[in-house]
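The next block is query.txt, given as compact mmCIF, C-alpha atoms.
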# COMPACT_ATOMS: atom_id res chain seq x y z
CA MET A 94 13.19 5.59 -2.27
CA LEU A 95 9.64 6.06 -1.08
CA ARG A 96 8.72 9.60 -0.03
CA ILE A 97 5.41 9.58 1.74
CA ARG A 98 3.44 12.19 3.67
CA ARG A 99 3.06 11.67 7.42
CA ASP A 100 -0.76 11.51 7.21
CA LEU A 101 -0.63 8.77 4.55
CA HIS A 102 1.96 6.82 6.52
CA ASP A 103 -0.22 7.08 9.62
CA ALA A 104 -3.35 6.06 7.70
CA ILE A 105 -1.65 2.82 6.64
CA VAL A 106 -0.52 2.08 10.19
CA ASP A 107 -3.97 2.89 11.61
CA HIS A 108 -5.63 0.57 9.10
CA ALA A 109 -3.19 -2.23 9.92
CA ARG A 110 -3.79 -1.80 13.66
CA ARG A 111 -7.55 -1.66 13.21
CA ASP A 112 -7.74 -4.90 11.22
CA HIS A 113 -5.22 -6.80 13.35
CA PRO A 114 -5.06 -9.84 13.68
CA ASP A 115 -6.31 -10.02 10.08
CA GLU A 116 -4.13 -8.60 7.33
CA ALA A 117 -5.07 -5.13 6.11
CA CYS A 118 -4.49 -3.96 2.54
CA GLY A 119 -4.97 -0.99 0.27
CA VAL A 120 -3.42 1.44 -2.17
CA ILE A 121 -2.28 5.01 -2.31
CA ALA A 122 -3.02 6.50 -5.68
CA GLY A 123 -0.99 9.30 -7.18
CA PRO A 124 -0.75 11.19 -10.46
CA ALA A 125 0.46 8.86 -13.23
CA GLY A 126 4.21 9.06 -13.64
CA SER A 127 4.69 11.29 -10.58
CA ASP A 128 5.86 8.59 -8.13
CA ARG A 129 4.01 10.71 -5.54
CA PRO A 130 1.48 8.91 -3.31
CA ASP A 131 -1.44 11.23 -2.72
CA ARG A 132 -4.85 9.58 -2.25
CA PHE A 133 -5.34 6.93 0.42
CA VAL A 134 -7.71 4.07 -0.42
CA ALA A 135 -8.22 1.36 2.21
CA MET A 136 -9.36 -1.85 0.53
CA GLN A 137 -11.28 -4.78 1.96
CA ASN A 138 -9.29 -7.93 2.45
CA ALA A 139 -11.63 -10.39 0.74
CA GLU A 140 -9.78 -13.24 2.47
CA ARG A 141 -10.37 -11.80 5.98
CA SER A 142 -7.38 -13.77 7.10
CA PRO A 143 -4.37 -13.39 9.40
CA THR A 144 -2.15 -15.03 6.76
CA PHE A 145 -3.50 -13.96 3.34
CA TYR A 146 -4.88 -10.91 1.64
CA ARG A 147 -6.62 -10.30 -1.62
CA PHE A 148 -8.37 -7.18 -2.85
CA ASP A 149 -12.07 -7.75 -3.38
CA SER A 150 -12.36 -8.07 -7.17
CA MET A 151 -15.33 -5.73 -7.60
CA GLU A 152 -13.86 -3.09 -5.32
CA GLN A 153 -10.60 -3.36 -7.24
CA LEU A 154 -12.37 -2.77 -10.54
CA ARG A 155 -14.07 0.33 -9.15
CA VAL A 156 -10.90 1.76 -7.64
CA TRP A 157 -8.78 0.98 -10.73
CA ARG A 158 -11.35 2.73 -12.91
CA GLU A 159 -11.35 5.76 -10.64
CA MET A 160 -7.59 5.90 -10.97
CA ASP A 161 -7.79 5.51 -14.75
CA ASP A 162 -10.40 8.26 -15.01
CA GLY A 163 -8.33 10.57 -12.80
CA ASP A 164 -5.07 9.84 -14.65
CA GLU A 165 -3.71 8.20 -11.50
CA GLU A 166 -1.89 4.96 -10.79
CA PRO A 167 -1.31 2.80 -7.70
CA VAL A 168 1.91 4.41 -6.42
CA VAL A 169 1.82 2.42 -3.19
CA ILE A 170 0.29 -1.01 -2.60
CA TYR A 171 0.33 -1.88 1.09
CA HIS A 172 -0.57 -4.79 3.30
CA SER A 173 0.18 -5.91 6.81
CA HIS A 174 1.76 -8.97 8.31
CA THR A 175 0.29 -9.62 11.70
CA ALA A 176 2.63 -12.27 13.11
CA THR A 177 5.78 -12.00 11.01
CA GLU A 178 8.25 -9.33 9.91
CA ALA A 179 7.45 -6.61 7.40
CA TYR A 180 9.17 -8.39 4.52
CA PRO A 181 7.50 -9.81 1.37
CA SER A 182 6.54 -13.46 1.70
CA ARG A 183 7.09 -15.92 -1.15
CA THR A 184 3.43 -15.50 -2.06
CA ASP A 185 3.79 -11.71 -2.05
CA ILE A 186 6.73 -11.99 -4.43
CA GLY A 187 5.08 -14.54 -6.70
CA LEU A 188 1.92 -12.49 -7.10
CA ALA A 189 3.38 -8.99 -7.32
CA ALA A 190 2.04 -7.61 -10.61
CA GLU A 191 2.70 -3.88 -10.45
CA PRO A 192 6.38 -3.36 -11.24
CA ALA A 193 6.07 0.42 -10.88
CA ALA A 194 4.51 0.30 -7.41
CA HIS A 195 6.13 0.67 -4.02
CA TYR A 196 5.08 -2.39 -2.04
CA VAL A 197 4.71 -1.26 1.55
CA LEU A 198 4.72 -3.90 4.29
CA VAL A 199 3.68 -3.14 7.83
CA SER A 200 4.03 -5.55 10.70
CA THR A 201 1.71 -5.38 13.67
CA ARG A 202 3.22 -8.39 15.46
CA ASP A 203 4.46 -6.11 18.24
CA ALA A 204 1.73 -4.12 19.97
CA ASP A 205 3.98 -1.16 20.75
CA THR A 206 6.14 -0.70 17.66
CA THR A 207 5.11 -0.85 14.03
CA GLU A 208 7.54 -1.91 11.33
CA PHE A 209 6.99 0.05 8.11
CA ARG A 210 9.15 -0.94 5.13
CA SER A 211 8.99 -0.46 1.37
CA PHE A 212 10.06 -2.70 -1.50
CA ARG A 213 10.17 -2.91 -5.25
CA ILE A 214 9.16 -6.32 -6.54
CA VAL A 215 9.97 -6.86 -10.21
CA ASP A 216 10.05 -10.27 -11.92
CA GLY A 217 10.38 -12.08 -8.62
CA VAL A 218 13.25 -9.91 -7.39
CA VAL A 219 12.78 -7.97 -4.14
CA GLU A 220 14.67 -4.77 -3.45
CA GLU A 221 14.16 -2.87 -0.24
CA GLU A 222 14.25 0.90 -0.45
CA PRO A 223 14.53 3.68 2.13
CA VAL A 224 11.34 5.34 3.36
CA GLU A 225 11.29 9.08 3.95
CA VAL A 226 8.27 10.38 5.83
CA VAL A 227 7.74 14.05 5.05
CA MET B 99 -21.43 -14.61 -36.09
CA THR B 100 -18.35 -12.74 -34.92
CA MET B 101 -18.36 -10.46 -31.94
CA ALA B 102 -16.01 -7.50 -31.81
CA VAL B 103 -14.92 -6.97 -28.24
CA GLU B 104 -12.52 -4.53 -26.65
CA ALA B 105 -10.04 -6.02 -24.20
CA ARG B 106 -8.33 -3.71 -21.71
CA ILE B 107 -4.83 -4.89 -20.90
CA PRO B 108 -3.07 -4.21 -17.57
CA THR B 109 0.42 -2.71 -17.50
CA ILE B 110 2.11 -6.00 -16.67
CA LEU B 111 0.69 -7.72 -19.78
CA ARG B 112 1.31 -4.91 -22.24
CA SER B 113 4.61 -6.48 -23.21
CA TYR B 114 2.42 -8.90 -25.19
CA THR B 115 0.43 -6.17 -26.94
CA GLY B 116 3.29 -3.92 -27.98
CA GLY B 117 2.39 -1.51 -25.18
CA GLU B 118 -1.27 -1.16 -26.20
CA LYS B 119 -3.67 -0.50 -23.30
CA ALA B 120 -6.66 -1.82 -25.23
CA VAL B 121 -6.91 -4.24 -28.13
CA THR B 122 -9.81 -5.56 -30.17
CA GLY B 123 -10.63 -9.18 -30.68
CA GLU B 124 -13.40 -11.52 -31.63
CA GLY B 125 -15.15 -14.48 -30.09
CA ALA B 126 -18.53 -15.79 -29.05
CA THR B 127 -17.10 -16.59 -25.61
CA LEU B 128 -14.26 -15.32 -23.47
CA GLN B 129 -12.33 -18.49 -24.30
CA GLU B 130 -12.64 -17.78 -28.03
CA LEU B 131 -11.60 -14.18 -27.50
CA PHE B 132 -8.42 -15.30 -25.72
CA VAL B 133 -7.60 -17.70 -28.58
CA ASP B 134 -8.20 -14.93 -31.11
CA LEU B 135 -6.02 -12.47 -29.18
CA ASP B 136 -3.28 -15.05 -28.74
CA ALA B 137 -2.99 -15.38 -32.52
CA ARG B 138 -1.80 -11.77 -32.64
CA TYR B 139 -0.39 -11.37 -29.14
CA GLU B 140 1.36 -14.66 -28.65
CA GLY B 141 1.67 -15.76 -25.05
CA LEU B 142 -1.12 -13.57 -23.72
CA ARG B 143 -3.59 -16.42 -23.38
CA GLY B 144 -1.16 -18.42 -21.27
CA ARG B 145 -1.17 -15.63 -18.71
CA LEU B 146 -4.96 -15.68 -18.44
CA VAL B 147 -6.01 -19.32 -18.49
CA SER B 148 -4.38 -22.62 -17.56
CA GLU B 149 -3.82 -25.60 -19.87
CA ASP B 150 -7.36 -26.84 -19.35
CA GLY B 151 -8.78 -23.45 -20.25
CA SER B 152 -9.91 -22.42 -16.78
CA LEU B 153 -9.21 -18.88 -15.61
CA ASN B 154 -6.02 -18.35 -13.69
CA ARG B 155 -6.83 -17.88 -10.05
CA PHE B 156 -4.92 -14.64 -9.65
CA VAL B 157 -6.15 -12.87 -12.74
CA ASN B 158 -9.41 -10.95 -12.53
CA VAL B 159 -11.41 -10.78 -15.75
CA TYR B 160 -14.44 -8.54 -15.97
CA LEU B 161 -17.13 -8.43 -18.62
CA ASN B 162 -18.34 -4.85 -18.63
CA ASP B 163 -19.03 -4.36 -14.88
CA GLU B 164 -19.09 -8.00 -13.74
CA ASP B 165 -16.41 -10.37 -12.53
CA VAL B 166 -16.71 -13.30 -14.96
CA ARG B 167 -16.27 -15.72 -12.05
CA PHE B 168 -19.85 -14.80 -11.17
CA LEU B 169 -20.93 -15.31 -14.80
CA GLY B 170 -19.71 -18.28 -16.79
CA GLY B 171 -15.96 -18.11 -16.18
CA ALA B 172 -13.97 -18.63 -19.38
CA GLU B 173 -17.14 -19.85 -21.12
CA THR B 174 -18.95 -16.56 -20.53
CA PRO B 175 -20.70 -15.55 -23.76
CA LEU B 176 -19.76 -12.24 -25.35
CA ALA B 177 -21.83 -9.77 -27.33
CA ASP B 178 -20.80 -7.23 -29.90
CA GLY B 179 -19.46 -4.11 -28.20
CA ASP B 180 -18.66 -5.76 -24.88
CA VAL B 181 -15.65 -4.56 -22.95
CA VAL B 182 -13.43 -7.11 -21.24
CA THR B 183 -11.12 -5.74 -18.54
CA ILE B 184 -8.19 -7.75 -17.26
CA LEU B 185 -6.60 -6.89 -13.90
CA PRO B 186 -4.00 -8.91 -12.05
CA ALA B 187 -5.32 -9.75 -8.58
CA VAL B 188 -3.64 -7.82 -5.81
CA ALA B 189 -2.96 -10.57 -3.32
CA GLY B 190 -0.34 -12.20 -1.16
CA GLY B 191 0.32 -13.64 2.23
If you convert what's in this file into structure tokens, what do you get?
Amino acid sequence: MLRIRRDLHDAIVDHARRDHPDEACGVIAGPAGSDRPDRFVAMQNAERSPTFYRFDSMEQLRVWREMDDGDEEPVVIYHSHTATEAYPSRTDIGLAAEPAAHYVLVSTRDADTTEFRSFRIVDGVVEEEPVEVV
Amino acid sequence: MTMAVEARIPTILRSYTGGEKAVTGEGATLQELFVDLDARYEGLRGRLVSEDGSLNRFVNVYLNDEDVRFLGGAETPLADGDVVTILPAVAGG
């Protein structure tokens, strides 16, 4: 299960809405081993695309170092789908490389309602998990 | 001349390094470093470069503070004391 604070949940949704129709992406860092998302980091989508996302490599290095230095890890990795459901695509599954992370998918395909779902993706296997906003 | 270089290994590839976060290797270029590391951490190289030796598209390799794609790719020369950081790209569709 993903437990996430309301402000962090809303920050993800706001970012996804802001970048629509391009995909938005980012991480929420948290203390290593805590499974507690705590620090919101919006990342640039280097692809600037409605169908793909990729963290900018230099920004990723900087953010990953900050996490390392602060004894944090990427507890949540999020991105948006802007025309399809909030479920990992084949590409998402194939490229998922953080087995300990909660992969959050947001869909902005509907202007009025936002789908917000969370998944574990390990060795190509997707498992959806409940989300509790606290 | 041999160059001692530190390579920082991401979580997902630590199964190849017995859980080590950082390992030391040698090589005058990145390519040589990967071959050297693969001799001790078998299979690691195959996760970083393709058959023809070019960098895998969804692996980011940094030499000190630079993405090696903006340097010489897998042929980027290394110097003693360099730090090579490997991070899987965070990407999808």
task = Could you jot down the atom CA of Leu185 of chain B to atom CA of Glu104 of chain B separation for me, Å, one decimal place?
result =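 These two atoms are separated by 14.3 Å.
With all atoms listed in the file taken into account, the protein and nucleic acid residues at most 8 Å from Glu165 of chain A (excluding it and anything under 5 positions from it in its own chain) are Ala122, Gly123, Pro124, Ala125 and Met160 of chain A.
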request  = Would you mind reading off the distance between atom CA of Asp164 of chain A and atom CA of Val226 of chain A, one decimal, in Å?
outcome  =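 Spanning atom CA of Asp164 of chain A to atom CA of Val226 of chain A is a straight-line distance of 24.4 Å.
For chain A, the residues close to chain B, meaning within 7 Å and counting only C-alpha atoms, are Thr144, Phe145, Tyr146, Arg147, Phe148, Ser150, Met151, Ser182, Thr184, Asp185, Leu188, Ala190 and Glu191 of chain A.
Pairwise distance (atom CA of Leu161 of chain B, atom CA of Ala135 of chain A) equals 24.7 Å.
Excluding Asp205 of chain A and any residue on its chain fewer than 4 positions from it, the residues at most 12 Å away by all atoms listed in the file are Val106, Arg110, Ser200 and Thr201 of chain A.
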inquiry  = Can you tell me which residues surround segment 129-138 of chain B at a distance of at most 12 Å, considering only C-alpha atoms, apart from same-chain residues fewer than 4 positions away, and format the answer as a PyMOL selection string?
reply    = chain B and resi 100-107+114-116+120-125+142-153+159+161+166+170-178+180-182+184
May I have the residues within 7 Å of Ala194 of chain A as an mmCIF file with C-alpha atoms, in the frame of the given file, using all atoms listed in the file and disregarding those fewer than 4 positions away in the same chain?
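Produced file part-v9.cif, reproduced below:
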data_model
loop_
_atom_site.group_PDB
_atom_site.id
_atom_site.type_symbol
_atom_site.label_atom_id
_atom_site.label_comp_id
_atom_site.auth_asym_id
_atom_site.auth_seq_id
_atom_site.Cartn_x
_atom_site.Cartn_y
_atom_site.Cartn_z
ATOM 1 C CA PRO A 167 -1.310 2.800 -7.700
ATOM 2 C CA VAL A 168 1.910 4.410 -6.420
ATOM 3 C CA VAL A 169 1.820 2.420 -3.190
ATOM 4 C CA ILE A 170 0.290 -1.010 -2.600
ATOM 5 C CA ARG A 213 10.170 -2.910 -5.250
#
inquiry  = Here is a test: counting all atoms listed in the file, which residue of A:Pro192, A:Ile186, A:Asp103, A:Tyr171 is nearest to Met136 of chain A?
reply    = A:Tyr171
request  = Point out the residue among A:Val218, A:Val156, A:Ala193, A:Cys118 with the least atom-to-atom distance to Pro143 of chain A, counting only C-alpha atoms.
outcome  = A:Cys118
request  = Pull the neighbourhood of (-2.7, 8.8, 4.4) for me: all residues within 8 Å in file coordinates, counting all atoms listed in the file, as a ChimeraX atom specification.
outcome  = /A:98-105,121,131-133
inquiry  = For a quick check of understanding, using only C-alpha atoms, which of A:Arg183, A:Arg155, A:Arg96, A:His113 has the smallest distance to Val199 of chain A?
reply    =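 Going through A:Arg183, A:Arg155, A:Arg96, A:His113 one by one, the smallest distance to Val199 of chain A is for A:His113.
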